[in-house]
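K.L.:
Okay, so here is upload.txt, and as you'll see once you scroll down, it has compact mmCIF, C-alpha atoms and all ligand atoms.
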```txt
# COMPACT_ATOMS: atom_id res chain seq x y z
CA MET A 518 11.36 23.89 -11.80
CA THR A 519 7.66 24.82 -11.75
CA SER A 520 6.14 22.14 -13.93
CA LEU A 521 6.72 18.42 -14.03
CA THR A 522 5.11 15.97 -16.44
CA ILE A 523 5.39 12.30 -15.53
CA THR A 524 3.90 9.01 -16.68
CA ARG A 525 0.53 8.59 -14.94
CA PRO A 526 1.21 7.01 -11.51
CA ASP A 527 -0.21 3.79 -10.07
CA ASP A 528 -0.94 2.89 -6.46
CA TRP A 529 0.44 -0.57 -5.62
CA HIS A 530 -1.43 -0.91 -2.30
CA LEU A 531 -4.90 0.55 -1.86
CA HIS A 532 -7.97 -0.07 0.30
CA LEU A 533 -11.22 0.78 -1.49
CA ARG A 534 -13.68 -1.03 0.84
CA ASP A 535 -17.16 -1.68 -0.55
CA GLY A 536 -20.68 -0.23 -0.87
CA ASP A 537 -21.10 3.44 0.08
CA MET A 538 -17.50 3.81 1.18
CA LEU A 539 -16.22 2.47 -2.15
CA LYS A 540 -18.36 4.98 -4.03
CA ALA A 541 -17.03 7.86 -1.94
CA VAL A 542 -13.31 7.00 -1.99
CA LEU A 543 -12.83 5.60 -5.49
CA PRO A 544 -12.99 9.00 -7.29
CA GLU A 545 -10.18 10.26 -5.03
CA THR A 546 -7.83 7.61 -6.41
CA ALA A 547 -9.22 7.50 -9.95
CA ARG A 548 -8.56 11.25 -10.38
CA HIS A 549 -4.77 10.83 -10.59
CA PHE A 550 -3.91 7.14 -10.69
CA GLY A 551 -4.09 4.78 -13.65
CA ARG A 552 -4.23 1.52 -11.72
CA ALA A 553 -4.14 0.24 -8.18
CA ILE A 554 -3.52 -3.06 -6.44
CA ILE A 555 -6.76 -3.54 -4.50
CA MET A 556 -6.44 -4.96 -1.01
CA PRO A 557 -8.75 -7.92 -0.33
CA ASN A 558 -9.40 -7.33 3.40
CA LEU A 559 -13.15 -6.88 3.12
CA VAL A 560 -15.50 -8.50 5.61
CA PRO A 561 -15.66 -11.33 4.61
CA PRO A 562 -12.34 -11.25 2.73
CA VAL A 563 -11.81 -11.72 -1.02
CA VAL A 564 -10.64 -15.33 -1.00
CA THR A 565 -11.74 -17.01 -4.22
CA ALA A 566 -11.51 -16.08 -7.90
CA ARG A 567 -15.25 -15.61 -7.85
CA ASP A 568 -15.02 -13.17 -4.90
CA ALA A 569 -12.38 -11.21 -6.82
CA ALA A 570 -14.41 -11.09 -10.04
CA GLU A 571 -17.50 -9.89 -8.19
CA TYR A 572 -15.53 -7.27 -6.25
CA ARG A 573 -13.91 -6.06 -9.49
CA ASP A 574 -17.37 -5.66 -11.02
CA ARG A 575 -18.55 -3.59 -8.04
CA ILE A 576 -15.48 -1.37 -8.36
CA MET A 577 -16.04 -0.93 -12.10
CA ALA A 578 -19.69 -0.03 -11.44
CA ALA A 579 -18.66 2.58 -8.83
CA LYS A 580 -16.12 4.26 -11.14
CA PRO A 581 -16.76 7.86 -12.14
CA ASP A 582 -17.98 8.26 -15.75
CA ASN A 583 -15.15 8.49 -18.27
CA SER A 584 -12.57 7.25 -15.77
CA LYS A 585 -10.02 4.85 -17.23
CA PHE A 586 -8.92 3.67 -13.79
CA GLN A 587 -8.18 -0.07 -13.64
CA PRO A 588 -8.41 -2.07 -10.41
CA LEU A 589 -5.79 -4.83 -10.14
CA MET A 590 -7.36 -7.52 -8.02
CA THR A 591 -5.74 -9.65 -5.32
CA LEU A 592 -6.73 -12.69 -3.29
CA TYR A 593 -6.50 -12.91 0.47
CA LEU A 594 -4.34 -15.91 1.35
CA THR A 595 -5.87 -18.26 3.91
CA GLU A 596 -4.84 -21.69 5.12
CA GLU A 597 -7.67 -23.05 2.95
CA THR A 598 -6.74 -21.25 -0.31
CA ASP A 599 -7.37 -23.53 -3.29
CA VAL A 600 -4.34 -23.80 -5.58
CA ARG A 601 -6.32 -24.55 -8.72
CA ASP A 602 -8.70 -21.64 -8.19
CA LEU A 603 -5.76 -19.31 -7.61
CA ARG A 604 -3.81 -20.48 -10.65
CA ALA A 605 -6.85 -20.18 -12.89
CA ALA A 606 -7.49 -16.62 -11.64
CA ALA A 607 -3.88 -15.67 -12.37
CA GLU A 608 -3.91 -17.28 -15.81
CA ILE A 609 -6.91 -15.27 -17.01
CA GLY A 610 -5.36 -12.06 -15.64
CA LEU A 611 -8.08 -11.62 -13.03
CA ILE A 612 -5.63 -11.39 -10.12
CA HIS A 613 -2.21 -9.74 -10.02
CA ALA A 614 -1.02 -10.69 -6.55
CA VAL A 615 -1.93 -12.61 -3.42
CA LYS A 616 -1.97 -10.91 -0.04
CA LEU A 617 -0.49 -12.47 3.08
CA TYR A 618 -1.74 -11.16 6.40
CA PRO A 619 -0.39 -12.88 9.48
CA ALA A 620 -3.61 -13.62 11.40
CA GLY A 621 -4.47 -10.68 13.66
CA ALA A 622 -1.78 -8.29 12.32
CA THR A 623 -4.12 -5.51 11.23
CA THR A 624 -7.65 -4.43 10.24
CA ASN A 625 -9.77 -7.42 9.09
CA SER A 626 -6.94 -9.93 9.21
CA ALA A 627 -8.60 -12.59 11.35
CA SER A 628 -8.71 -15.05 8.42
CA GLY A 629 -4.99 -14.66 7.79
CA VAL A 630 -2.24 -17.25 8.10
CA LYS A 631 -1.29 -18.76 11.46
CA ASP A 632 0.68 -21.78 10.31
CA PHE A 633 2.96 -21.09 7.35
CA THR A 634 3.46 -24.79 6.54
CA LYS A 635 -0.22 -24.85 5.51
CA VAL A 636 0.32 -22.35 2.69
CA LYS A 637 3.61 -23.74 1.40
CA ARG A 638 2.06 -25.50 -1.58
CA VAL A 639 0.22 -22.37 -2.64
CA LEU A 640 3.41 -20.34 -2.37
CA GLU A 641 5.36 -22.90 -4.40
CA ASN A 642 2.76 -22.65 -7.14
CA MET A 643 2.97 -18.87 -7.04
CA ALA A 644 6.75 -19.08 -7.42
CA GLN A 645 6.27 -21.32 -10.48
CA ILE A 646 3.96 -18.86 -12.24
CA GLY A 647 5.69 -15.69 -10.98
CA LEU A 648 2.63 -14.37 -9.13
CA PRO A 649 3.75 -11.83 -6.49
CA LEU A 650 3.00 -12.31 -2.80
CA CYS A 651 2.21 -9.01 -1.07
CA VAL A 652 3.23 -9.35 2.55
CA HIS A 653 2.02 -7.47 5.60
CA GLY A 654 5.33 -7.87 7.41
CA GLU A 655 4.66 -7.79 11.12
CA VAL A 656 4.73 -10.57 13.68
CA THR A 657 1.67 -10.77 15.87
CA ASP A 658 3.33 -12.23 18.98
CA PRO A 659 2.05 -10.11 21.90
CA ASP A 660 5.47 -10.44 23.54
CA VAL A 661 7.12 -8.52 20.69
CA ASP A 662 7.06 -4.74 21.07
CA ILE A 663 4.87 -3.17 18.38
CA PHE A 664 7.74 -0.97 17.22
CA ASP A 665 9.91 -4.08 16.63
CA ARG A 666 7.35 -6.24 14.86
CA GLU A 667 8.52 -5.48 11.33
CA ALA A 668 12.20 -6.11 12.00
CA VAL A 669 11.40 -9.35 13.86
CA PHE A 670 9.14 -10.49 11.01
CA ILE A 671 11.94 -10.07 8.48
CA ASP A 672 14.36 -12.17 10.52
CA THR A 673 12.02 -14.87 11.79
CA ILE A 674 9.43 -15.27 9.03
CA LEU A 675 10.21 -13.52 5.76
CA ASP A 676 13.84 -14.48 5.32
CA PRO A 677 13.28 -18.19 6.19
CA LEU A 678 10.19 -18.23 3.92
CA ARG A 679 12.12 -16.82 0.96
CA ARG A 680 14.93 -19.36 1.48
CA ASP A 681 12.37 -22.14 1.70
CA ILE A 682 10.61 -21.15 -1.54
CA PRO A 683 13.24 -19.98 -4.03
CA GLY A 684 11.86 -17.85 -6.82
CA LEU A 685 8.88 -16.61 -4.81
CA ARG A 686 8.31 -13.00 -5.83
CA VAL A 687 7.59 -10.86 -2.76
CA VAL A 688 6.46 -7.29 -2.20
CA MET A 689 7.20 -6.12 1.33
CA GLU A 690 4.18 -3.90 1.84
CA HIS A 691 4.33 -0.48 3.47
CA ILE A 692 7.79 -0.81 4.99
CA THR A 693 8.39 1.43 7.99
CA THR A 694 11.94 0.66 9.08
CA LYS A 695 15.55 0.98 8.04
CA GLN A 696 15.76 -2.82 8.37
CA GLY A 697 12.90 -3.16 5.89
CA ALA A 698 14.54 -0.82 3.39
CA ASP A 699 17.92 -2.55 3.72
CA TYR A 700 16.42 -6.00 3.29
CA ALA A 701 14.42 -4.95 0.21
CA ARG A 702 17.41 -3.25 -1.37
CA GLU A 703 19.60 -6.31 -1.04
CA GLY A 704 16.98 -8.90 -1.98
CA GLY A 705 17.51 -9.17 -5.73
CA ASP A 706 14.99 -9.07 -8.57
CA ASP A 707 12.34 -11.14 -6.83
CA LEU A 708 11.97 -8.72 -3.93
CA ALA A 709 10.58 -5.19 -3.78
CA ALA A 710 8.97 -2.93 -1.19
CA THR A 711 6.16 -0.41 -1.27
CA ILE A 712 6.37 2.78 0.77
CA THR A 713 3.36 4.85 1.77
CA THR A 714 3.00 8.59 1.48
CA HIS A 715 2.41 9.09 5.19
CA HIS A 716 5.47 7.12 6.32
CA LEU A 717 7.63 9.56 4.35
CA VAL A 718 6.13 12.41 6.39
CA ILE A 719 5.40 11.30 9.94
CA ASN A 720 7.35 9.59 12.70
CA ARG A 721 5.95 8.23 15.96
CA ASN A 722 6.09 11.64 17.63
CA HIS A 723 3.36 12.82 15.28
CA ILE A 724 1.08 10.17 16.78
CA LEU A 725 2.05 10.42 20.41
CA ALA A 726 3.65 13.76 21.36
CA GLY A 727 1.47 16.65 22.51
CA GLY A 728 -1.73 14.59 22.68
CA ILE A 729 -2.73 11.42 20.89
CA LYS A 730 -3.54 11.85 17.17
CA PRO A 731 -5.70 8.95 16.00
CA HIS A 732 -5.60 10.12 12.38
CA TYR A 733 -1.86 9.36 12.29
CA TYR A 734 -2.34 5.86 13.66
CA CYS A 735 -1.93 3.18 11.01
CA LEU A 736 -0.32 -0.24 10.80
CA PRO A 737 2.54 -0.80 10.62
CA VAL A 738 2.79 2.08 13.08
CA ALA A 739 5.18 4.94 12.21
CA LYS A 740 8.58 4.47 13.85
CA ARG A 741 11.46 6.72 15.01
CA GLU A 742 12.75 9.59 12.90
CA GLU A 743 15.83 7.63 11.80
CA HIS A 744 13.49 5.13 10.13
CA ARG A 745 11.47 7.84 8.39
CA LEU A 746 14.74 9.23 7.01
CA ALA A 747 15.76 5.76 5.78
CA LEU A 748 12.41 5.48 3.96
CA ARG A 749 12.88 8.93 2.41
CA ALA A 750 16.35 7.92 1.23
CA ALA A 751 14.98 4.68 -0.25
CA ALA A 752 12.01 6.30 -2.01
CA THR A 753 14.03 9.16 -3.49
CA SER A 754 17.05 7.01 -4.44
CA GLY A 755 15.70 5.86 -7.80
CA ASP A 756 16.35 2.23 -6.77
CA PRO A 757 13.70 0.13 -8.60
CA SER A 758 13.23 -2.00 -5.47
CA PHE A 759 11.02 0.77 -4.08
CA PHE A 760 7.69 2.05 -5.34
CA LEU A 761 4.53 3.76 -4.18
CA GLY A 762 1.80 1.89 -2.35
CA THR A 763 -0.21 4.52 -0.50
CA ASP A 764 -2.05 2.09 1.80
CA SER A 765 -4.75 4.75 1.73
CA ALA A 766 -7.16 3.14 4.20
CA PRO A 767 -10.43 4.96 4.82
CA HIS A 768 -12.18 4.71 8.17
CA THR A 769 -14.93 7.09 9.26
CA ASP A 770 -13.98 9.60 11.93
CA ALA A 771 -16.43 7.83 14.24
CA ASN A 772 -14.40 4.65 13.87
CA LYS A 773 -11.03 6.41 14.22
CA LEU A 774 -11.96 8.44 17.31
CA LEU A 775 -12.84 5.57 19.62
CA PRO A 776 -11.25 4.27 22.82
CA CYS A 777 -10.04 1.44 20.55
CA GLY A 778 -9.86 3.20 17.19
CA CYS A 779 -9.13 1.75 13.75
CA ALA A 780 -5.72 1.82 12.08
CA GLY A 781 -5.37 3.57 8.73
CA CYS A 782 -4.48 6.91 7.11
CA PHE A 783 -6.51 8.20 4.17
CA THR A 784 -4.09 9.73 1.66
CA ALA A 785 -5.69 9.12 -1.75
CA THR A 786 -6.79 12.74 -2.12
CA ASN A 787 -3.49 14.59 -1.64
CA THR A 788 -0.82 11.94 -2.20
CA MET A 789 0.64 13.33 -5.43
CA SER A 790 0.96 16.85 -3.97
CA ILE A 791 2.62 15.48 -0.85
CA LEU A 792 5.02 13.29 -2.81
CA ALA A 793 6.08 16.17 -5.06
CA GLU A 794 6.77 18.29 -1.97
CA VAL A 795 8.75 15.50 -0.31
CA PHE A 796 10.82 14.72 -3.41
CA GLU A 797 11.51 18.43 -3.98
CA GLN A 798 12.64 18.86 -0.36
CA ASP A 799 15.11 16.03 -0.94
CA ASP A 800 16.28 17.43 -4.31
CA ALA A 801 14.91 14.37 -6.04
CA LEU A 802 12.02 15.55 -8.21
CA ASP A 803 13.67 13.69 -11.08
CA LYS A 804 13.13 10.43 -9.14
CA LEU A 805 9.40 10.92 -8.53
CA GLU A 806 8.37 9.31 -11.82
CA GLY A 807 10.38 6.17 -11.09
CA PHE A 808 8.88 5.82 -7.63
CA ALA A 809 5.26 6.60 -8.51
CA SER A 810 4.95 5.47 -12.13
CA LEU A 811 7.74 3.19 -13.40
CA ASN A 812 9.23 0.93 -10.72
CA GLY A 813 5.89 -0.65 -9.79
CA PRO A 814 4.91 -1.77 -13.31
CA LYS A 815 8.43 -3.05 -13.83
CA PHE A 816 8.19 -5.34 -10.81
CA TYR A 817 4.67 -6.44 -11.74
CA ARG A 818 5.84 -7.07 -15.33
CA MET A 819 3.35 -4.64 -16.80
CA GLU A 820 3.77 -1.67 -19.13
CA PRO A 821 3.78 1.78 -17.52
CA ASN A 822 0.64 3.82 -18.19
CA ALA A 823 0.60 5.32 -21.69
CA ASP A 824 -0.58 8.79 -20.62
CA THR A 825 0.88 11.43 -18.29
CA ILE A 826 -0.05 13.84 -15.51
CA THR A 827 1.42 17.28 -14.99
CA LEU A 828 2.28 18.73 -11.60
CA THR A 829 2.50 22.51 -11.40
CA LYS A 830 4.12 24.51 -8.61
CA GLY A 831 2.47 27.66 -7.30
CA ASN A 832 0.75 29.11 -4.24
CA PRO A 833 -0.04 26.52 -1.59
CA VAL A 834 -2.84 24.21 -2.64
CA THR A 835 -5.50 23.26 -0.11
CA TYR A 836 -7.42 20.03 0.11
CA PRO A 837 -10.62 19.35 2.04
CA ASP A 838 -10.08 18.28 5.67
CA HIS A 839 -12.35 15.34 5.05
CA ILE A 840 -14.42 13.70 2.36
CA ALA A 841 -18.10 12.97 2.93
CA THR A 842 -19.38 9.40 2.78
CA ASP A 843 -22.82 8.02 3.51
CA GLN A 844 -21.31 6.44 6.61
CA GLY A 845 -19.85 9.75 7.87
CA PRO A 846 -16.77 11.90 7.21
CA VAL A 847 -13.34 10.40 6.46
CA THR A 848 -10.47 12.67 7.45
CA VAL A 849 -7.87 13.35 4.76
CA PHE A 850 -4.26 12.92 5.93
CA ASP A 851 -2.81 16.25 7.10
CA PRO A 852 0.90 16.45 6.17
CA GLN A 853 1.37 19.50 8.42
CA MET A 854 3.26 21.43 5.75
CA PRO A 855 2.23 23.68 2.89
CA LEU A 856 1.85 21.84 -0.41
CA HIS A 857 2.87 23.78 -3.50
CA TRP A 858 2.41 21.20 -6.25
CA ARG A 859 -0.97 20.49 -7.77
CA VAL A 860 -1.98 18.03 -10.45
CA THR A 861 -3.26 20.08 -13.38
C1 LIG A 901 -5.41 -1.11 6.80
C2 LIG A 901 -6.94 -1.09 6.76
O1 LIG A 901 -7.53 -0.21 7.39
O2 LIG A 901 -7.53 -1.93 6.08
N1 LIG A 901 -4.98 -0.31 7.91
C3 LIG A 901 -3.76 0.24 8.08
O3 LIG A 901 -3.49 0.80 9.15
N2 LIG A 901 -2.88 0.25 7.12
C4 LIG A 901 -4.91 -2.50 6.88
C5 LIG A 901 -3.45 -2.63 6.57
O4 LIG A 901 -3.01 -2.45 5.43
O5 LIG A 901 -2.67 -2.95 7.47
ZN ZN A 902 -3.05 -1.74 3.74
```
How would this structure read if it were set down as structure tokens?
P.N.:
Amino acid sequence: MTSLTITRPDDWHLHLRDGDMLKAVLPETARHFGRAIIMPNLVPPVVTARDAAEYRDRIMAAKPDNSKFQPLMTLYLTEETDVRDLRAAAEIGLIHAVKLYPAGATTNSASGVKDFTKVKRVLENMAQIGLPLCVHGEVTDPDVDIFDREAVFIDTILDPLRRDIPGLRVVMEHITTKQGADYAREGGDDLAATITTHHLVINRNHILAGGIKPHYYCLPVAKREEHRLALRAAATSGDPSFFLGTDSAPHTDANKLLPCGCAGCFTATNTMSILAEVFEQDDALDKLEGFASLNGPKFYRMEPNADTITLTKGNPVTYPDHIATDQGPVTVFDPQMPLHWRVT
């Protein structure tokens, strides 16, 4: 096969930031993707309906001319989240999900949830109206090894929470483990998981062996090879529980290459080429459309995009090493393999 036409994909987990960075990174996503779930972890975070409406307007203003890209806004769940404000934002279609960060789990998560009893009423209301909760699934307990934090979160927080609030619709964001994939697969219609591009490609050796590679450091951190293979099997299986959320998370090189550098891989630019390569390697090109374009809208109860993109196979395609922003260069994720599929 040398040409593949699929429904235009969506990105169900994306960091666009704000200001100059937003202007620089948005075209990279808008080029191929129809819609994206926009993460609310700005500083300060997007907490109220008004914050979300204003952020949406800034994104719309930063969009390239003629782009039909649609941002799907989210609210950042805090212990002070106002139920009425949230319900009103969902009812008018302003927000499509609410994001749960355990306090301190990742970049800009200080306002996240410490005490889950404090958000129970909000979550019950979300279950009533079917509004998905996007979960950063890692415990923050310093006594738990960072490579175990996802598996421990599933057992000690996520599973009890789902039992406590029946009907709550949950997206396990950017799963990185076999345990995550197994739990999502068996969780029924109210549970799904996003998988990033980079976690299909790298394992923890890519970060740590032969010198430390800050550009491969993201959260949740990449795990052992057996976990990467479990994610590949999940993504390429066609199971509607799994769909693409790139977690493309731009940080300038200056902020990545520090003694205490930021977490995040920037994959917006080359994601579709990488995914086509990965799915072809696993003899699953026929499953790419489900993963990138169909399973996400199905879970979010939206129509798939009406138009298509075409991927064409040929000589290896190259992408820039970095994109320029007014704050400095942002390195584009290097998959360390030739990419033969380009979006034409
Ligand atoms: C994200 C970011 O930079 O905002 N970083 C990351 O490593 N993925 C935050 C997140 O999604 O955890
Ligand atoms: Zn993220």
K.L.:
Residues at most 10 Å from Glu597 (chain A), counting all atoms listed in the file, excluding those fewer than 5 positions away in the same chain, as a ChimeraX atom specification?
P.N.:
/A:564,628,630,635-636,639
K.L.:
Pick out the residues sitting within 7 Å of Arg534 (chain A), and hand them over as a PDB file with C-alpha atoms, in the coordinates of the input; count only C-alpha atoms, and ignore anything fewer than 3 positions along from it in its own chain.
P.N.:
```
ATOM      1  CA  MET A 538     -17.500   3.810   1.180  1.00  0.00           C
ATOM      2  CA  LEU A 539     -16.220   2.470  -2.150  1.00  0.00           C
ATOM      3  CA  LEU A 559     -13.150  -6.880   3.120  1.00  0.00           C
TER       4      LEU A 559
END
```
K.L.:
For ligand LIG 901 (chain A), collect every residue having any atom at a distance of at most 10 Å from a ligand atom (counting only C-alpha atoms and all ligand atoms); output as a ChimeraX atom specification.
P.N.:
/A:530-534,556-559,618,622-626,652-655,690-691,713,733-738,763-768,779-783
K.L.:
Between A:Thr769, A:Asn720, A:Ser758, A:Thr784, which residue has the minimum interatomic distance to ligand ZN 902 (chain A), considering only C-alpha atoms and all ligand atoms?
P.N.:
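Checking each of A:Thr769, A:Asn720, A:Ser758, A:Thr784 against ligand ZN 902 (chain A), counting only C-alpha atoms and all ligand atoms, the winner is A:Thr784.
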K.L.:
What residues have an atom no more than 9 Å from (-18.2, 7.4, -8.5) in the file's own frame, counting only C-alpha atoms, and can you write them as a PyMOL selection string?
P.N.:
chain A and resi 539-544+578-582
K.L.:
Set the distance at 6 Å and use only C-alpha atoms: which residues neighbour region 797-812 of chain A once local chain neighbours fewer than 5 positions away are removed? I'd like the list as a PyMOL selection string.
P.N.:
chain A and resi 523-524+526-527+753+755+757+760-761+821
K.L.:
Could you tell me how far CA of Ala607 (chain A) lies from CA of Leu648 (chain A), in Å and to one decimal?
P.N.:
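Atom-to-atom, CA of Ala607 (chain A) and CA of Leu648 (chain A) are spaced 7.4 Å apart.
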K.L.:
Could you jot down the CA of Val656 (chain A) to CA of Leu708 (chain A) separation for me, Å, one decimal place?
P.N.:
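CA of Leu708 (chain A) lies 19.1 Å from CA of Val656 (chain A).
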